[in-house]
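Undergrad: Sharing run.pdb, PDB, N, CA and C atoms:
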ATOM      1  N   LEU A   1       0.795  -1.203   0.000  1.00  0.00           N
ATOM      2  CA  LEU A   1       0.000   0.000   0.000  1.00  0.00           C
ATOM      3  C   LEU A   1       0.839   1.270   0.000  1.00  0.00           C
ATOM      4  N   LEU A   2       2.006   1.214   0.582  1.00  0.00           N
ATOM      5  CA  LEU A   2       2.848   2.410   0.634  1.00  0.00           C
ATOM      6  C   LEU A   2       3.192   2.936  -0.753  1.00  0.00           C
ATOM      7  N   PRO A   3       3.596   2.095  -1.697  1.00  0.00           N
ATOM      8  CA  PRO A   3       3.880   2.617  -3.039  1.00  0.00           C
ATOM      9  C   PRO A   3       2.666   3.277  -3.685  1.00  0.00           C
ATOM     10  N   ILE A   4       1.484   2.742  -3.435  1.00  0.00           N
ATOM     11  CA  ILE A   4       0.265   3.331  -3.996  1.00  0.00           C
ATOM     12  C   ILE A   4       0.017   4.704  -3.385  1.00  0.00           C
ATOM     13  N   ALA A   5       0.192   4.823  -2.076  1.00  0.00           N
ATOM     14  CA  ALA A   5      -0.013   6.110  -1.408  1.00  0.00           C
ATOM     15  C   ALA A   5       0.970   7.155  -1.917  1.00  0.00           C
ATOM     16  N   VAL A   6       2.232   6.782  -2.064  1.00  0.00           N
ATOM     17  CA  VAL A   6       3.248   7.715  -2.566  1.00  0.00           C
ATOM     18  C   VAL A   6       2.930   8.111  -4.003  1.00  0.00           C
ATOM     19  N   GLN A   7       2.535   7.157  -4.820  1.00  0.00           N
ATOM     20  CA  GLN A   7       2.185   7.450  -6.212  1.00  0.00           C
ATOM     21  C   GLN A   7       1.013   8.428  -6.283  1.00  0.00           C
ATOM     22  N   ARG A   8       0.005   8.226  -5.464  1.00  0.00           N
ATOM     23  CA  ARG A   8      -1.159   9.123  -5.464  1.00  0.00           C
ATOM     24  C   ARG A   8      -0.784  10.529  -5.019  1.00  0.00           C
ATOM     25  N   LEU A   9       0.102  10.638  -4.051  1.00  0.00           N
ATOM     26  CA  LEU A   9       0.570  11.963  -3.632  1.00  0.00           C
ATOM     27  C   LEU A   9       1.272  12.678  -4.777  1.00  0.00           C
ATOM     28  N   GLN A  10       2.109  11.937  -5.486  1.00  0.00           N
ATOM     29  CA  GLN A  10       2.846  12.538  -6.591  1.00  0.00           C
ATOM     30  C   GLN A  10       1.911  12.910  -7.739  1.00  0.00           C
ATOM     31  N   GLU A  11       0.916  12.071  -8.015  1.00  0.00           N
ATOM     32  CA  GLU A  11      -0.056  12.376  -9.065  1.00  0.00           C
ATOM     33  C   GLU A  11      -0.906  13.587  -8.707  1.00  0.00           C
ATOM     34  N   ALA A  12      -1.106  13.814  -7.416  1.00  0.00           N
ATOM     35  CA  ALA A  12      -1.900  14.954  -6.962  1.00  0.00           C
ATOM     36  C   ALA A  12      -1.092  16.247  -6.973  1.00  0.00           C
ATOM     37  N   GLY A  13       0.163  16.159  -7.369  1.00  0.00           N
ATOM     38  CA  GLY A  13       0.985  17.354  -7.476  1.00  0.00           C
ATOM     39  C   GLY A  13       1.844  17.638  -6.266  1.00  0.00           C
ATOM     40  N   SER A  14       1.887  16.718  -5.322  1.00  0.00           N
ATOM     41  CA  SER A  14       2.759  16.912  -4.161  1.00  0.00           C
ATOM     42  C   SER A  14       4.213  16.845  -4.607  1.00  0.00           C
ATOM     43  N   ALA A  15       5.047  17.467  -3.847  1.00  0.00           N
ATOM     44  CA  ALA A  15       6.479  17.387  -4.126  1.00  0.00           C
ATOM     45  C   ALA A  15       6.908  15.928  -4.072  1.00  0.00           C
ATOM     46  N   SER A  16       8.034  15.647  -4.612  1.00  0.00           N
ATOM     47  CA  SER A  16       8.548  14.284  -4.606  1.00  0.00           C
ATOM     48  C   SER A  16       8.599  13.746  -3.176  1.00  0.00           C
ATOM     49  N   VAL A  17       8.058  12.567  -2.995  1.00  0.00           N
ATOM     50  CA  VAL A  17       8.010  11.941  -1.679  1.00  0.00           C
ATOM     51  C   VAL A  17       8.893  10.704  -1.708  1.00  0.00           C
ATOM     52  N   SER A  18       9.825  10.631  -0.777  1.00  0.00           N
ATOM     53  CA  SER A  18      10.668   9.438  -0.706  1.00  0.00           C
ATOM     54  C   SER A  18      10.202   8.579   0.465  1.00  0.00           C
ATOM     55  N   TYR A  19      10.338   7.276   0.293  1.00  0.00           N
ATOM     56  CA  TYR A  19       9.863   6.337   1.306  1.00  0.00           C
ATOM     57  C   TYR A  19      10.506   6.557   2.664  1.00  0.00           C
ATOM     58  N   GLU A  20      11.779   6.935   2.678  1.00  0.00           N
ATOM     59  CA  GLU A  20      12.445   7.095   3.977  1.00  0.00           C
ATOM     60  C   GLU A  20      11.881   8.254   4.791  1.00  0.00           C
ATOM     61  N   HIS A  21      11.077   9.103   4.165  1.00  0.00           N
ATOM     62  CA  HIS A  21      10.415  10.188   4.886  1.00  0.00           C
ATOM     63  C   HIS A  21       8.979   9.833   5.267  1.00  0.00           C
ATOM     64  N   CYS A  22       8.590   8.581   5.043  1.00  0.00           N
ATOM     65  CA  CYS A  22       7.232   8.127   5.340  1.00  0.00           C
ATOM     66  C   CYS A  22       7.195   7.341   6.644  1.00  0.00           C
ATOM     67  N   VAL A  23       6.040   7.383   7.284  1.00  0.00           N
ATOM     68  CA  VAL A  23       5.776   6.576   8.471  1.00  0.00           C
ATOM     69  C   VAL A  23       4.487   5.804   8.216  1.00  0.00           C
ATOM     70  N   VAL A  24       4.566   4.500   8.304  1.00  0.00           N
ATOM     71  CA  VAL A  24       3.389   3.654   8.153  1.00  0.00           C
ATOM     72  C   VAL A  24       2.840   3.367   9.544  1.00  0.00           C
ATOM     73  N   ILE A  25       1.562   3.646   9.738  1.00  0.00           N
ATOM     74  CA  ILE A  25       0.891   3.335  10.996  1.00  0.00           C
ATOM     75  C   ILE A  25      -0.056   2.181  10.706  1.00  0.00           C
ATOM     76  N   GLY A  26       0.199   1.056  11.352  1.00  0.00           N
ATOM     77  CA  GLY A  26      -0.614  -0.123  11.084  1.00  0.00           C
ATOM     78  C   GLY A  26      -0.805  -0.976  12.318  1.00  0.00           C
ATOM     79  N   ASP A  27      -1.661  -1.981  12.168  1.00  0.00           N
ATOM     80  CA  ASP A  27      -1.975  -2.819  13.325  1.00  0.00           C
ATOM     81  C   ASP A  27      -1.629  -4.293  13.125  1.00  0.00           C
ATOM     82  N   THR A  28      -0.758  -4.579  12.156  1.00  0.00           N
ATOM     83  CA  THR A  28      -0.337  -5.962  11.935  1.00  0.00           C
ATOM     84  C   THR A  28       1.170  -6.024  11.687  1.00  0.00           C
ATOM     85  N   PRO A  29       1.770  -7.172  11.908  1.00  0.00           N
ATOM     86  CA  PRO A  29       3.184  -7.336  11.559  1.00  0.00           C
ATOM     87  C   PRO A  29       3.439  -7.100  10.067  1.00  0.00           C
ATOM     88  N   LYS A  30       2.477  -7.404   9.219  1.00  0.00           N
ATOM     89  CA  LYS A  30       2.627  -7.168   7.774  1.00  0.00           C
ATOM     90  C   LYS A  30       2.748  -5.678   7.468  1.00  0.00           C
ATOM     91  N   ASP A  31       2.056  -4.832   8.223  1.00  0.00           N
ATOM     92  CA  ASP A  31       2.177  -3.384   8.040  1.00  0.00           C
ATOM     93  C   ASP A  31       3.598  -2.925   8.345  1.00  0.00           C
ATOM     94  N   VAL A  32       4.165  -3.471   9.408  1.00  0.00           N
ATOM     95  CA  VAL A  32       5.549  -3.140   9.775  1.00  0.00           C
ATOM     96  C   VAL A  32       6.493  -3.616   8.679  1.00  0.00           C
ATOM     97  N   GLU A  33       6.281  -4.826   8.208  1.00  0.00           N
ATOM     98  CA  GLU A  33       7.111  -5.378   7.133  1.00  0.00           C
ATOM     99  C   GLU A  33       7.011  -4.523   5.869  1.00  0.00           C
ATOM    100  N   CYS A  34       5.804  -4.109   5.513  1.00  0.00           N
ATOM    101  CA  CYS A  34       5.600  -3.264   4.332  1.00  0.00           C
ATOM    102  C   CYS A  34       6.406  -1.974   4.451  1.00  0.00           C
ATOM    103  N   ALA A  35       6.354  -1.353   5.614  1.00  0.00           N
ATOM    104  CA  ALA A  35       7.105  -0.112   5.822  1.00  0.00           C
ATOM    105  C   ALA A  35       8.592  -0.340   5.616  1.00  0.00           C
ATOM    106  N   HIS A  36       9.120  -1.348   6.254  1.00  0.00           N
ATOM    107  CA  HIS A  36      10.564  -1.572   6.230  1.00  0.00           C
ATOM    108  C   HIS A  36      11.077  -2.049   4.880  1.00  0.00           C
ATOM    109  N   VAL A  37      10.287  -2.803   4.148  1.00  0.00           N
ATOM    110  CA  VAL A  37      10.685  -3.239   2.803  1.00  0.00           C
ATOM    111  C   VAL A  37      10.966  -2.031   1.913  1.00  0.00           C
ATOM    112  N   HIS A  38      10.230  -0.954   2.149  1.00  0.00           N
ATOM    113  CA  HIS A  38      10.374   0.247   1.327  1.00  0.00           C
ATOM    114  C   HIS A  38      11.244   1.320   1.978  1.00  0.00           C
ATOM    115  N   GLY A  39      11.814   1.030   3.141  1.00  0.00           N
ATOM    116  CA  GLY A  39      12.694   1.990   3.794  1.00  0.00           C
ATOM    117  C   GLY A  39      11.983   3.018   4.648  1.00  0.00           C
ATOM    118  N   ALA A  40      10.713   2.791   4.936  1.00  0.00           N
ATOM    119  CA  ALA A  40       9.946   3.707   5.781  1.00  0.00           C
ATOM    120  C   ALA A  40      10.004   3.242   7.234  1.00  0.00           C
ATOM    121  N   SER A  41       9.583   4.107   8.131  1.00  0.00           N
ATOM    122  CA  SER A  41       9.467   3.752   9.546  1.00  0.00           C
ATOM    123  C   SER A  41       8.071   3.198   9.806  1.00  0.00           C
ATOM    124  N   ALA A  42       7.927   2.498  10.930  1.00  0.00           N
ATOM    125  CA  ALA A  42       6.636   1.896  11.253  1.00  0.00           C
ATOM    126  C   ALA A  42       6.229   2.170  12.693  1.00  0.00           C
ATOM    127  N   ILE A  43       4.965   2.491  12.853  1.00  0.00           N
ATOM    128  CA  ILE A  43       4.334   2.564  14.164  1.00  0.00           C
ATOM    129  C   ILE A  43       3.300   1.448  14.189  1.00  0.00           C
ATOM    130  N   ALA A  44       3.443   0.534  15.137  1.00  0.00           N
ATOM    131  CA  ALA A  44       2.490  -0.563  15.287  1.00  0.00           C
ATOM    132  C   ALA A  44       1.514  -0.219  16.404  1.00  0.00           C
ATOM    133  N   VAL A  45       0.228  -0.352  16.105  1.00  0.00           N
ATOM    134  CA  VAL A  45      -0.826   0.018  17.045  1.00  0.00           C
ATOM    135  C   VAL A  45      -1.690  -1.208  17.331  1.00  0.00           C
ATOM    136  N   ALA A  46      -1.850  -1.538  18.589  1.00  0.00           N
ATOM    137  CA  ALA A  46      -2.576  -2.750  18.974  1.00  0.00           C
ATOM    138  C   ALA A  46      -4.086  -2.517  19.044  1.00  0.00           C
ATOM    139  N   THR A  47      -4.649  -2.022  17.959  1.00  0.00           N
ATOM    140  CA  THR A  47      -6.094  -1.787  17.912  1.00  0.00           C
ATOM    141  C   THR A  47      -6.811  -2.815  17.054  1.00  0.00           C
ATOM    142  N   GLY A  48      -6.066  -3.740  16.477  1.00  0.00           N
ATOM    143  CA  GLY A  48      -6.656  -4.769  15.626  1.00  0.00           C
ATOM    144  C   GLY A  48      -6.629  -6.119  16.314  1.00  0.00           C
ATOM    145  N   THR A  49      -6.386  -7.143  15.533  1.00  0.00           N
ATOM    146  CA  THR A  49      -6.414  -8.505  16.075  1.00  0.00           C
ATOM    147  C   THR A  49      -5.108  -8.914  16.754  1.00  0.00           C
ATOM    148  N   TYR A  50      -4.032  -8.166  16.538  1.00  0.00           N
ATOM    149  CA  TYR A  50      -2.747  -8.499  17.154  1.00  0.00           C
ATOM    150  C   TYR A  50      -2.593  -7.747  18.468  1.00  0.00           C
ATOM    151  N   PRO A  51      -2.348  -8.464  19.566  1.00  0.00           N
ATOM    152  CA  PRO A  51      -2.163  -7.797  20.856  1.00  0.00           C
ATOM    153  C   PRO A  51      -0.818  -7.069  20.920  1.00  0.00           C
ATOM    154  N   LEU A  52      -0.722  -6.176  21.860  1.00  0.00           N
ATOM    155  CA  LEU A  52       0.483  -5.368  22.049  1.00  0.00           C
ATOM    156  C   LEU A  52       1.732  -6.236  22.162  1.00  0.00           C
ATOM    157  N   MET A  53       1.669  -7.305  22.936  1.00  0.00           N
ATOM    158  CA  MET A  53       2.845  -8.166  23.128  1.00  0.00           C
ATOM    159  C   MET A  53       3.309  -8.783  21.814  1.00  0.00           C
ATOM    160  N   GLU A  54       2.387  -9.102  20.939  1.00  0.00           N
ATOM    161  CA  GLU A  54       2.753  -9.675  19.646  1.00  0.00           C
ATOM    162  C   GLU A  54       3.415  -8.618  18.759  1.00  0.00           C
ATOM    163  N   LEU A  55       2.885  -7.407  18.770  1.00  0.00           N
ATOM    164  CA  LEU A  55       3.465  -6.333  17.956  1.00  0.00           C
ATOM    165  C   LEU A  55       4.831  -5.907  18.481  1.00  0.00           C
ATOM    166  N   GLU A  56       5.059  -6.064  19.776  1.00  0.00           N
ATOM    167  CA  GLU A  56       6.370  -5.735  20.344  1.00  0.00           C
ATOM    168  C   GLU A  56       7.461  -6.665  19.830  1.00  0.00           C
ATOM    169  N   LYS A  57       7.091  -7.804  19.283  1.00  0.00           N
ATOM    170  CA  LYS A  57       8.056  -8.742  18.710  1.00  0.00           C
ATOM    171  C   LYS A  57       8.503  -8.323  17.313  1.00  0.00           C
ATOM    172  N   THR A  58       7.806  -7.367  16.720  1.00  0.00           N
ATOM    173  CA  THR A  58       8.206  -6.858  15.403  1.00  0.00           C
ATOM    174  C   THR A  58       9.335  -5.857  15.592  1.00  0.00           C
ATOM    175  N   ASP A  59       9.867  -5.381  14.493  1.00  0.00           N
ATOM    176  CA  ASP A  59      10.915  -4.364  14.598  1.00  0.00           C
ATOM    177  C   ASP A  59      10.375  -2.965  14.305  1.00  0.00           C
ATOM    178  N   ALA A  60       9.107  -2.741  14.665  1.00  0.00           N
ATOM    179  CA  ALA A  60       8.527  -1.401  14.530  1.00  0.00           C
ATOM    180  C   ALA A  60       9.305  -0.425  15.404  1.00  0.00           C
ATOM    181  N   GLU A  61       9.481   0.773  14.908  1.00  0.00           N
ATOM    182  CA  GLU A  61      10.213   1.785  15.667  1.00  0.00           C
ATOM    183  C   GLU A  61       9.435   2.265  16.891  1.00  0.00           C
ATOM    184  N   LEU A  62       8.112   2.188  16.817  1.00  0.00           N
ATOM    185  CA  LEU A  62       7.263   2.574  17.945  1.00  0.00           C
ATOM    186  C   LEU A  62       6.098   1.595  17.999  1.00  0.00           C
ATOM    187  N   VAL A  63       5.820   1.064  19.184  1.00  0.00           N
ATOM    188  CA  VAL A  63       4.683   0.163  19.387  1.00  0.00           C
ATOM    189  C   VAL A  63       3.829   0.760  20.497  1.00  0.00           C
ATOM    190  N   ILE A  64       2.541   0.949  20.203  1.00  0.00           N
ATOM    191  CA  ILE A  64       1.640   1.577  21.167  1.00  0.00           C
ATOM    192  C   ILE A  64       0.327   0.798  21.244  1.00  0.00           C
ATOM    193  N   ALA A  65      -0.368   0.964  22.362  1.00  0.00           N
ATOM    194  CA  ALA A  65      -1.625   0.245  22.574  1.00  0.00           C
ATOM    195  C   ALA A  65      -2.753   0.798  21.714  1.00  0.00           C
ATOM    196  N   ASP A  66      -2.785   2.120  21.562  1.00  0.00           N
ATOM    197  CA  ASP A  66      -3.844   2.757  20.778  1.00  0.00           C
ATOM    198  C   ASP A  66      -3.372   4.136  20.337  1.00  0.00           C
ATOM    199  N   LEU A  67      -4.240   4.867  19.690  1.00  0.00           N
ATOM    200  CA  LEU A  67      -3.865   6.181  19.156  1.00  0.00           C
ATOM    201  C   LEU A  67      -4.298   7.335  20.057  1.00  0.00           C
ATOM    202  N   SER A  68      -4.620   7.055  21.302  1.00  0.00           N
ATOM    203  CA  SER A  68      -5.152   8.089  22.185  1.00  0.00           C
ATOM    204  C   SER A  68      -4.126   9.155  22.565  1.00  0.00           C
ATOM    205  N   ASP A  69      -2.870   8.808  22.651  1.00  0.00           N
ATOM    206  CA  ASP A  69      -1.835   9.780  23.029  1.00  0.00           C
ATOM    207  C   ASP A  69      -1.269  10.437  21.770  1.00  0.00           C
ATOM    208  N   THR A  70      -2.085  11.275  21.154  1.00  0.00           N
ATOM    209  CA  THR A  70      -1.682  11.882  19.880  1.00  0.00           C
ATOM    210  C   THR A  70      -0.441  12.751  20.025  1.00  0.00           C
ATOM    211  N   GLU A  71      -0.284  13.400  21.162  1.00  0.00           N
ATOM    212  CA  GLU A  71       0.894  14.246  21.365  1.00  0.00           C
ATOM    213  C   GLU A  71       2.177  13.418  21.287  1.00  0.00           C
ATOM    214  N   LYS A  72       2.179  12.254  21.923  1.00  0.00           N
ATOM    215  CA  LYS A  72       3.345  11.368  21.891  1.00  0.00           C
ATOM    216  C   LYS A  72       3.640  10.930  20.458  1.00  0.00           C
ATOM    217  N   ILE A  73       2.611  10.575  19.724  1.00  0.00           N
ATOM    218  CA  ILE A  73       2.782  10.097  18.351  1.00  0.00           C
ATOM    219  C   ILE A  73       3.313  11.206  17.455  1.00  0.00           C
ATOM    220  N   ILE A  74       2.723  12.373  17.541  1.00  0.00           N
ATOM    221  CA  ILE A  74       3.159  13.500  16.709  1.00  0.00           C
ATOM    222  C   ILE A  74       4.580  13.906  17.068  1.00  0.00           C
ATOM    223  N   ASP A  75       4.911  13.940  18.353  1.00  0.00           N
ATOM    224  CA  ASP A  75       6.282  14.263  18.770  1.00  0.00           C
ATOM    225  C   ASP A  75       7.274  13.258  18.201  1.00  0.00           C
ATOM    226  N   TRP A  76       6.923  11.974  18.232  1.00  0.00           N
ATOM    227  CA  TRP A  76       7.810  10.942  17.692  1.00  0.00           C
ATOM    228  C   TRP A  76       8.019  11.149  16.195  1.00  0.00           C
ATOM    229  N   ILE A  77       6.949  11.418  15.476  1.00  0.00           N
ATOM    230  CA  ILE A  77       7.061  11.627  14.026  1.00  0.00           C
ATOM    231  C   ILE A  77       7.908  12.862  13.729  1.00  0.00           C
ATOM    232  N   ARG A  78       7.726  13.914  14.475  1.00  0.00           N
ATOM    233  CA  ARG A  78       8.508  15.142  14.250  1.00  0.00           C
ATOM    234  C   ARG A  78       9.994  14.928  14.507  1.00  0.00           C
ATOM    235  N   ARG A  79      10.331  14.086  15.473  1.00  0.00           N
ATOM    236  CA  ARG A  79      11.745  13.816  15.781  1.00  0.00           C
ATOM    237  C   ARG A  79      12.387  12.890  14.763  1.00  0.00           C
ATOM    238  N   LYS A  80      11.592  12.168  14.037  1.00  0.00           N
ATOM    239  CA  LYS A  80      12.085  11.190  13.075  1.00  0.00           C
ATOM    240  C   LYS A  80      12.937  11.835  12.015  1.00  0.00           C
TER     241      LYS A  80
END
How does this structure look as structure tokens?
TA:
Amino acid sequence: LLPIAVQRLQEAGSASVSYEHCVVIGDTPKDVECAHVHGASAIAVATGTYPLMELEKTDAELVIADLSDTEKIIDWIRRK
């Protein structure tokens, strides 16, 4: 999905977007894998079928229980 999102941004006239400047937010190990295959960072969120402990076994740069702490998430993305 990441290549499709980047392509759509570019087709919409956005400046060139490189994968290493992207952050994928997902709730499965496959989302984390998708991010890393393309050189992007990953935030794993335990709001789907995978529990927090399972997502902590991935190599996501940030693993969180839910999206309620938006300040923490935005701060992390800004520091990236």
Undergrad: Determine the nearest neighbour of Gly39 in chain A from the options A:Glu20, A:Glu54, A:Asp27, A:Asp59, counting only C-alpha atoms.
TA: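 Closest to Gly39 in chain A, using only C-alpha atoms: A:Glu20.
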Undergrad: What's around range 75-77 of chain A at 8 Å? Count all atoms listed in the file, leave out sequence neighbours fewer than 5 positions away in its own chain, and write the answer as a list in words.
TA: Val23, Asp69 and Thr70 of chain A
Undergrad: I'd like the interatomic distance between atom N of Thr49 in chain A and atom C of Pro29 in chain A, to a tenth of an Å.
TA: 11.2 Å
Undergrad: Show which residues sit within 12 Å of Asp31 in chain A, as number ranges by chain. Count only C-alpha atoms, and ignore same-chain residues fewer than 3 positions away.
TA: A: 1-2, 23-28, 34-38, 40-46, 48, 50, 55, 58-60
Undergrad: Looking only at the backbone, which of the residues in chain A does DSSP tag as helix (DSSP H, G or I), as a ChimeraX atom specification?
TA: /A:2-11,19-21,29-37,52-55,70-79
Undergrad: What is the distance between CA of Thr47 in chain A and CA of Ile74 in chain A, in Å to one decimal?
TA: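 Separating CA of Thr47 in chain A from CA of Ile74 in chain A is a distance of 17.9 Å.
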Undergrad: Edge lengths and centre in Å to one decimal, as AutoDock Vina command-line options, of the axis-aligned box that encloses all listed atoms of range 27-39 of chain A with 5 Å added on every side?
TA:
--center_x 5.4 --center_y -2.2 --center_z 7.3 --size_x 24.7 --size_y 20.4 --size_z 22.0
Undergrad: Enumerate, as a PyMOL selection string, the complete set of residues in chain A that a backbone-based DSSP assignment places in strand (DSSP E).
TA: chain A and resi 23-26+41-45+62-64
Undergrad: Taking into account only C-alpha atoms, which residue in the set A:Arg8, A:Arg79, A:Ser16, A:Val63 is nearest to Val32 in chain A?
TA: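 Distance minimum relative to Val32 in chain A lands on A:Val63.
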Undergrad: Between CA of Leu67 in chain A and atom C of Met53 in chain A, what is the spacing in Å?
TA: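 A separation of 16.8 Å between them.
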